[in-house]
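Text of the file structure-v9.txt, holding compact mmCIF, C-alpha atoms:
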```
# COMPACT_ATOMS: atom_id res chain seq x y z
CA GLY A 14 26.49 -4.47 9.48
CA GLN A 15 28.89 -6.66 11.39
CA PHE A 16 27.84 -9.68 9.30
CA GLY A 17 28.31 -8.11 5.89
CA PRO A 18 27.45 -5.10 3.73
CA TRP A 19 23.90 -3.74 3.70
CA ASN A 20 23.23 -1.93 0.45
CA LEU A 21 20.85 -2.62 -2.40
CA LYS A 22 23.49 -3.99 -4.74
CA SER A 23 24.94 -6.49 -2.30
CA LEU A 24 21.47 -7.46 -1.05
CA GLU A 25 20.31 -8.24 -4.58
CA LYS A 26 23.49 -10.18 -5.25
CA ASN A 27 22.75 -12.21 -2.11
CA GLN A 28 19.12 -12.74 -3.17
CA ILE A 29 17.73 -10.70 -0.29
CA PHE A 30 14.75 -8.74 -1.58
CA ILE A 31 12.96 -6.34 0.77
CA LEU A 32 9.98 -4.62 -0.82
CA GLU A 33 10.21 -1.43 1.21
CA ASN A 34 13.54 -0.79 -0.53
CA TYR A 35 11.60 -0.54 -3.79
CA TYR A 36 7.96 0.40 -3.18
CA ASP A 37 6.29 3.03 -1.04
CA GLU A 38 3.21 0.85 -0.56
CA ALA A 39 5.41 -1.66 1.28
CA LYS A 40 6.70 1.14 3.51
CA TYR A 41 3.15 2.28 4.31
CA LEU A 42 2.10 -1.24 5.17
CA MET A 43 5.04 -1.70 7.55
CA ASP A 44 4.12 1.62 9.17
CA LYS A 45 0.58 0.35 9.74
CA ILE A 46 1.82 -2.92 11.24
CA ASN A 47 4.17 -0.97 13.48
CA VAL A 48 1.33 1.18 14.82
CA ILE A 49 -0.79 -1.80 15.81
CA ALA A 50 2.22 -3.72 17.15
CA GLN A 51 3.30 -0.81 19.37
CA LYS A 52 -0.21 -0.74 20.79
CA ILE A 53 -0.04 -4.47 21.62
CA VAL A 54 3.48 -4.25 23.03
CA PHE A 55 2.42 -1.34 25.22
CA ASN A 56 -0.58 -3.22 26.58
CA SER A 57 -0.57 -7.01 26.26
CA VAL A 58 -4.33 -7.18 26.88
CA PHE A 59 -4.64 -6.57 23.12
CA TYR A 60 -3.28 -10.06 22.42
CA HIS A 61 -6.71 -11.28 23.53
CA ASP A 62 -8.71 -8.66 21.64
CA THR A 63 -10.21 -10.35 18.59
CA GLY A 64 -10.83 -7.01 16.87
CA VAL A 65 -7.17 -6.04 17.12
CA ALA A 66 -6.17 -9.57 16.11
CA GLN A 67 -8.38 -9.35 13.02
CA GLU A 68 -6.80 -6.03 12.07
CA TYR A 69 -3.33 -7.57 12.47
CA PHE A 70 -4.33 -10.63 10.41
CA ASN A 71 -5.71 -8.39 7.64
CA LEU A 72 -2.40 -6.52 7.47
CA ALA A 73 -0.52 -9.83 7.29
CA LYS A 74 -2.79 -10.90 4.45
CA GLU A 75 -2.26 -7.59 2.67
CA GLY A 76 1.46 -8.15 3.11
CA TYR A 77 1.46 -11.59 1.55
CA ASN A 78 -0.66 -10.29 -1.33
CA LEU A 79 1.99 -7.64 -1.90
CA LEU A 80 4.74 -10.29 -1.96
CA THR A 81 2.76 -12.24 -4.56
CA LYS A 82 2.16 -9.09 -6.61
CA TYR A 83 5.89 -8.43 -7.06
CA GLU A 84 7.36 -11.95 -7.05
CA LYS A 85 7.90 -12.00 -10.83
CA ARG A 86 10.05 -8.91 -10.66
CA PHE A 87 12.47 -10.72 -8.35
CA LYS A 88 12.12 -14.03 -10.21
CA ILE A 89 10.79 -15.76 -7.12
CA ASN A 90 9.19 -19.05 -7.92
CA ASP A 91 8.33 -20.91 -4.73
CA GLN A 92 4.67 -21.79 -5.14
CA ASN A 93 4.75 -25.55 -5.75
CA LEU A 94 7.31 -26.56 -3.18
CA SER A 95 7.07 -28.38 0.11
CA ALA A 96 5.99 -25.75 2.62
CA ILE A 97 7.55 -25.83 6.06
CA SER A 98 5.20 -24.38 8.67
CA LEU A 99 6.95 -23.42 11.89
CA GLU A 100 4.12 -23.55 14.40
CA ARG A 101 2.32 -21.40 15.46
CA ALA A 102 2.45 -18.37 13.20
CA GLY A 103 3.82 -20.42 10.31
CA LEU A 104 0.57 -22.37 10.00
CA VAL A 105 -1.23 -19.11 9.35
CA THR A 106 1.41 -17.49 7.15
CA THR A 107 1.94 -20.58 4.97
CA ARG A 108 -1.72 -20.35 3.99
CA LEU A 109 -1.47 -16.61 3.37
CA ALA A 110 1.69 -17.07 1.30
CA LEU A 111 0.00 -19.66 -0.90
CA GLY A 112 -3.18 -17.60 -1.19
CA LYS A 113 -5.23 -20.29 0.54
CA SER A 114 -8.08 -20.01 3.02
CA GLN A 115 -7.53 -20.19 6.77
CA ASN A 116 -8.48 -23.87 7.13
CA ALA A 117 -7.14 -25.09 3.79
CA LYS A 118 -5.36 -28.41 3.67
CA VAL A 119 -1.92 -27.77 2.19
CA LYS A 120 -0.80 -30.84 0.30
CA GLN A 121 2.94 -30.56 0.76
CA GLU A 122 2.91 -28.96 4.19
CA ILE A 123 5.43 -30.13 6.78
CA ARG A 124 4.53 -28.96 10.26
CA VAL A 125 7.32 -28.37 12.73
CA VAL A 126 6.95 -27.17 16.30
CA THR A 127 9.87 -24.94 17.23
CA LYS A 128 9.99 -23.32 20.61
CA ARG A 129 12.64 -20.86 21.73
CA THR A 130 13.79 -21.66 25.22
CA HIS A 131 16.40 -20.44 27.65
CA LEU A 132 18.46 -23.06 29.41
CA ILE A 133 18.66 -22.78 33.20
CA GLY A 134 21.83 -21.03 34.27
CA GLU A 135 22.57 -19.67 30.80
CA PRO A 136 22.57 -15.93 30.11
CA THR A 137 19.24 -14.80 28.65
CA THR A 138 21.03 -13.67 25.50
CA ASN A 139 21.83 -17.32 24.69
CA LEU A 140 19.07 -18.90 22.67
CA SER A 141 18.23 -22.54 22.47
CA VAL A 142 15.41 -24.02 20.44
CA THR A 143 13.47 -27.23 20.82
CA VAL A 144 12.22 -28.96 17.67
CA LEU A 145 9.32 -31.38 17.52
CA TRP A 146 8.39 -33.16 14.28
CA ARG A 147 4.68 -33.65 13.66
CA ASN A 148 5.56 -36.33 11.11
CA LYS A 149 9.22 -37.22 10.74
CA GLU A 150 8.54 -39.44 7.71
CA GLN A 151 7.71 -36.38 5.61
CA LEU A 152 11.25 -35.08 5.92
CA LYS A 153 12.43 -37.46 3.20
CA GLN A 154 10.48 -35.49 0.63
CA ILE A 155 12.62 -32.37 1.12
CA ASN A 156 16.07 -33.95 0.82
CA ASN A 157 18.00 -32.12 -1.95
CA LYS A 158 14.82 -30.24 -2.85
CA GLU A 159 13.77 -26.61 -2.85
CA ILE A 160 11.48 -25.66 0.03
CA LEU A 161 9.42 -22.71 1.20
CA ILE A 162 9.44 -21.34 4.74
CA SER A 163 6.83 -18.64 5.34
CA ASP A 164 6.76 -16.98 8.70
CA PHE A 165 5.68 -13.56 9.89
CA VAL A 166 9.23 -12.62 10.87
CA ASN A 167 11.88 -14.76 9.27
CA PRO A 168 14.55 -14.49 10.33
CA ALA A 169 14.44 -12.51 13.57
CA SER A 170 17.39 -14.14 15.28
CA GLY A 171 17.23 -17.00 12.77
CA ALA A 172 17.13 -19.50 15.62
CA SER A 173 13.92 -21.34 14.66
CA SER A 174 14.77 -21.87 11.00
CA MET A 175 18.31 -22.86 11.85
CA ALA A 176 17.10 -25.32 14.49
CA PHE A 177 14.79 -26.87 11.89
CA ILE A 178 17.62 -27.19 9.35
CA LEU A 179 20.11 -28.63 11.86
CA SER A 180 17.55 -31.09 13.22
CA ALA A 181 16.69 -32.22 9.69
CA GLN A 182 20.39 -32.69 9.02
CA LYS A 183 20.56 -35.02 12.02
CA GLU A 184 17.94 -37.13 10.25
CA GLY A 185 20.13 -37.19 7.15
CA VAL A 186 18.03 -34.60 5.32
CA LYS A 187 19.26 -31.40 3.74
CA PRO A 188 17.27 -29.13 1.41
CA ALA A 189 19.04 -27.78 -1.66
CA LYS A 190 17.49 -24.33 -1.52
CA ILE A 191 15.25 -22.43 0.88
CA PHE A 192 12.85 -19.66 -0.08
CA HIS A 193 11.97 -17.49 2.91
CA ARG A 194 8.82 -15.43 2.50
CA SER A 195 7.97 -13.11 5.36
CA VAL A 196 6.41 -9.85 6.43
CA SER A 197 9.58 -8.75 8.17
CA LEU A 198 13.11 -9.84 8.95
CA THR A 199 16.09 -8.39 10.79
CA GLN A 200 19.26 -7.12 9.28
CA ALA A 201 21.56 -9.15 11.55
CA GLY A 202 19.38 -12.26 11.31
CA VAL A 203 19.28 -12.37 7.54
CA LEU A 204 23.01 -11.77 7.06
CA LEU A 205 23.89 -14.35 9.69
CA MET A 206 21.55 -16.96 8.17
CA LYS A 207 22.74 -16.25 4.66
CA LYS A 208 26.33 -16.83 5.74
CA ALA A 209 25.50 -20.00 7.71
CA LEU A 210 23.39 -21.52 4.93
CA THR A 211 26.02 -20.75 2.31
CA GLU A 212 28.63 -22.48 4.46
CA MET A 213 26.31 -25.51 4.70
CA GLY A 214 25.96 -25.59 0.93
CA ILE A 215 22.29 -24.54 0.98
CA GLU A 216 21.11 -21.86 -1.43
CA SER A 217 18.73 -19.28 0.00
CA VAL A 218 16.39 -16.50 -1.05
CA PHE A 219 14.94 -14.02 1.44
CA TYR A 220 11.85 -12.16 0.32
CA SER A 221 10.13 -9.81 2.71
CA ILE A 222 8.08 -6.63 2.90
CA GLY A 223 10.07 -4.82 5.55
CA VAL A 224 13.20 -4.95 7.63
CA ALA A 225 13.77 -4.21 11.30
CA SER A 226 17.15 -3.11 12.51
CA THR A 227 16.30 -3.39 16.20
CA LEU A 228 15.87 -6.57 18.22
CA SER A 229 15.01 -6.37 21.91
CA PRO A 230 17.28 -8.28 24.32
CA ASN A 231 14.79 -11.16 24.29
CA TYR A 232 14.73 -11.26 20.49
CA TYR A 233 11.55 -9.41 19.58
CA LEU A 234 11.45 -6.71 16.93
CA VAL A 235 11.21 -3.23 18.39
CA GLY A 236 12.02 0.30 17.21
CA ASP A 237 9.95 1.81 14.41
CA ARG A 238 9.39 -1.60 12.87
CA ALA A 239 7.80 -3.51 15.73
CA VAL A 240 5.66 -6.57 15.03
CA ALA A 241 4.87 -7.78 18.60
CA ASP A 242 4.64 -11.54 19.13
CA ALA A 243 3.09 -12.58 15.82
CA GLY A 244 2.55 -16.19 16.88
CA HIS A 245 0.60 -15.10 19.90
CA ILE A 246 -1.63 -12.66 18.06
CA LEU A 247 -2.19 -14.92 15.04
CA ARG A 248 -3.18 -17.89 17.22
CA HIS A 249 -6.76 -16.65 16.72
CA PHE A 250 -6.49 -17.73 13.07
CA LEU A 251 -4.92 -21.18 13.30
CA PRO A 252 -6.33 -23.71 10.83
CA LYS A 253 -8.88 -26.07 12.32
CA LYS A 254 -7.48 -29.57 12.56
```
Could I get this file's structure written as structure tokens?
Amino acid sequence: GQFGPWNLKSLEKNQIFILENYYDEAKYLMDKINVIAQKIVFNSVFYHDTGVAQEYFNLAKEGYNLLTKYEKRFKINDQNLSAISLERAGLVTTRLALGKSQNAKVKQEIRVVTKRTHLIGEPTTNLSVTVLWRNKEQLKQINNKEILISDFVNPASGASSMAFILSAQKEGVKPAKIFHRSVSLTQAGVLLMKKALTEMGIESVFYSIGVASTLSPNYYLVGDRAVADAGHILRHFLPKK
């Protein structure tokens, strides 16, 4: 990889743990997610099909259960931390990651609205992200602390998480360590984020079921590890206010 080596030894050293490198059941699950995602990508009408959405949600849940099942092996201890939910999908995945019900109130949840945008006149390959705090006051509780970010794909490009971290820094807030817990991530995204966070003096752990090596030009996962637009499909399962 252009951002660093990609082999088991160096991944472990960098605290990047991808279950499909270790367990066949993780591979099978990613295959199942890919099948349903390809179907949705091929015909976007499925984004509005509650049956397909339910199937997708169940696979996400299965995925987070798998992450919980093996967390001890990788010494991952991120259960009692402030949880950053990057809306929309993050609201759903935070609850799955913590083993809570769909509408559960999460005590230490910090909700952040991040939206990827393209600036007028910029090439489409340039990403910009807008960040909206639901409650800026809460940020104080994560300064110099360990935090959890659970998202379906994290990182893809890494833009949303990075935008959150940089915006928090503007408010004088910097977490000490970030646990990322996701169904999938991308090779380039994770190496790039790891490097950037290390340079900022922030420790990081990336824990995921699968990895995608292919990002489409508009930053969605494609290839044999597609996930479609997780936020759009999981919107059917957002917690009630």
Ranking A:Asn156, A:Val119, A:Leu104, A:Lys128 by minimum distance to Val144 in chain A and counting all atoms listed in the file, which one comes first?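 The shortest atom-to-atom distance to Val144 in chain A comes from A:Lys128.
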One number please: CA of Pro188 in chain A to CA of Gln121 in chain A, in Å, one decimal.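 The value is 14.4 Å.
The coordinates place CA of Ser174 in chain A at 23.0 Å from CA of Ile46 in chain A.
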Neighbourhood query: residues within 12 Å of (-5.7, -17.4, 4.3), file coordinates, counting all atoms listed in the file; return as number ranges by chain. A: 70-78, 103-119, 247, 250-252
Using only C-alpha atoms, find the one residue out of A:Glu100, A:Gly171, A:Asn27, A:Val125 that sits nearest to Thr199 in chain A. A:Gly171
Dump as a Markdown table the rows for residues of range 104-194 of chain A within 12 Å of range 209-212 of chain A: closest atom pair and distance in Å with one decimal, all atoms listed in the file counted, ordered by chain and rising residue number.
```
| residue | atom | partner | partner_atom | distance |
| --- | --- | --- | --- | --- |
| A:Gly171 | CA | A:Ala209 | CA | 10.1 |
| A:Ala172 | CA | A:Ala209 | CA | 11.5 |
| A:Ser174 | CA | A:Leu210 | CA | 10.5 |
| A:Met175 | CA | A:Leu210 | CA | 8.7 |
| A:Ile178 | CA | A:Leu210 | CA | 9.2 |
| A:Leu179 | CA | A:Leu210 | CA | 10.5 |
| A:Lys187 | CA | A:Leu210 | CA | 10.8 |
| A:Pro188 | CA | A:Leu210 | CA | 10.4 |
| A:Ala189 | CA | A:Leu210 | CA | 10.1 |
| A:Lys190 | CA | A:Leu210 | CA | 9.2 |
| A:Ile191 | CA | A:Leu210 | CA | 9.1 |
| A:Phe192 | CA | A:Leu210 | CA | 11.8 |
```
Write out as a list in words which residues come within 8 Å of range 58-67 of chain A when counting all atoms listed in the file, dropping same-chain ones fewer than 2 positions away.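 The neighbour list is Ile49, Lys52, Ile53, Asn56, Tyr69, Phe70, Asn71, His245, Ile246, Leu247 and His249 of chain A.
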Next, dump the selected residues to file, keeping only C-alpha atoms, as a tab-separated table (two decimals), in the frame of the given file.
```tsv
chain	number	residue	atom	x	y	z
A	49	ILE	CA	-0.79	-1.80	15.81
A	52	LYS	CA	-0.21	-0.74	20.79
A	53	ILE	CA	-0.04	-4.47	21.62
A	56	ASN	CA	-0.58	-3.22	26.58
A	69	TYR	CA	-3.33	-7.57	12.47
A	70	PHE	CA	-4.33	-10.63	10.41
A	71	ASN	CA	-5.71	-8.39	7.64
A	245	HIS	CA	0.60	-15.10	19.90
A	246	ILE	CA	-1.63	-12.66	18.06
A	247	LEU	CA	-2.19	-14.92	15.04
A	249	HIS	CA	-6.76	-16.65	16.72
```
Mind giving me the axis-aligned box for range 174-180 of chain A with 8 Å on every side, centre plus edges in Å to one decimal, as AutoDock Vina command-line options?
```
--center_x 17.4 --center_y -26.5 --center_z 11.9 --size_x 21.3 --size_y 25.2 --size_z 21.1
```
Pick from A:Ala102, A:Ala169, A:Ile155, A:Leu79, whichever lies nearest to Ile123 in chain A using all atoms listed in the file: A:Ile155
Find the spatial neighbours of Val196 in chain A, counting all atoms listed in the file, within a cut-off of 8 Å - ignore same-chain residues fewer than 2 positions away - and output them as a VMD selection string. chain A and resid 73 76 to 77 164 to 167 194 198 221 to 223
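Residue nearest Glu84 in chain A, chosen from A:Ile31, A:Val126, A:Ile97, A:Ala225 and counting all atoms listed in the file: A:Ile31.
Atom to atom, CA of Arg86 in chain A and CA of Lys120 in chain A stand 26.8 Å apart.
Each of A:Leu145, A:Val218, A:Leu132, A:Val203 was compared to Ser170 in chain A using all atoms listed in the file, and A:Val203 turns out to be the nearest.
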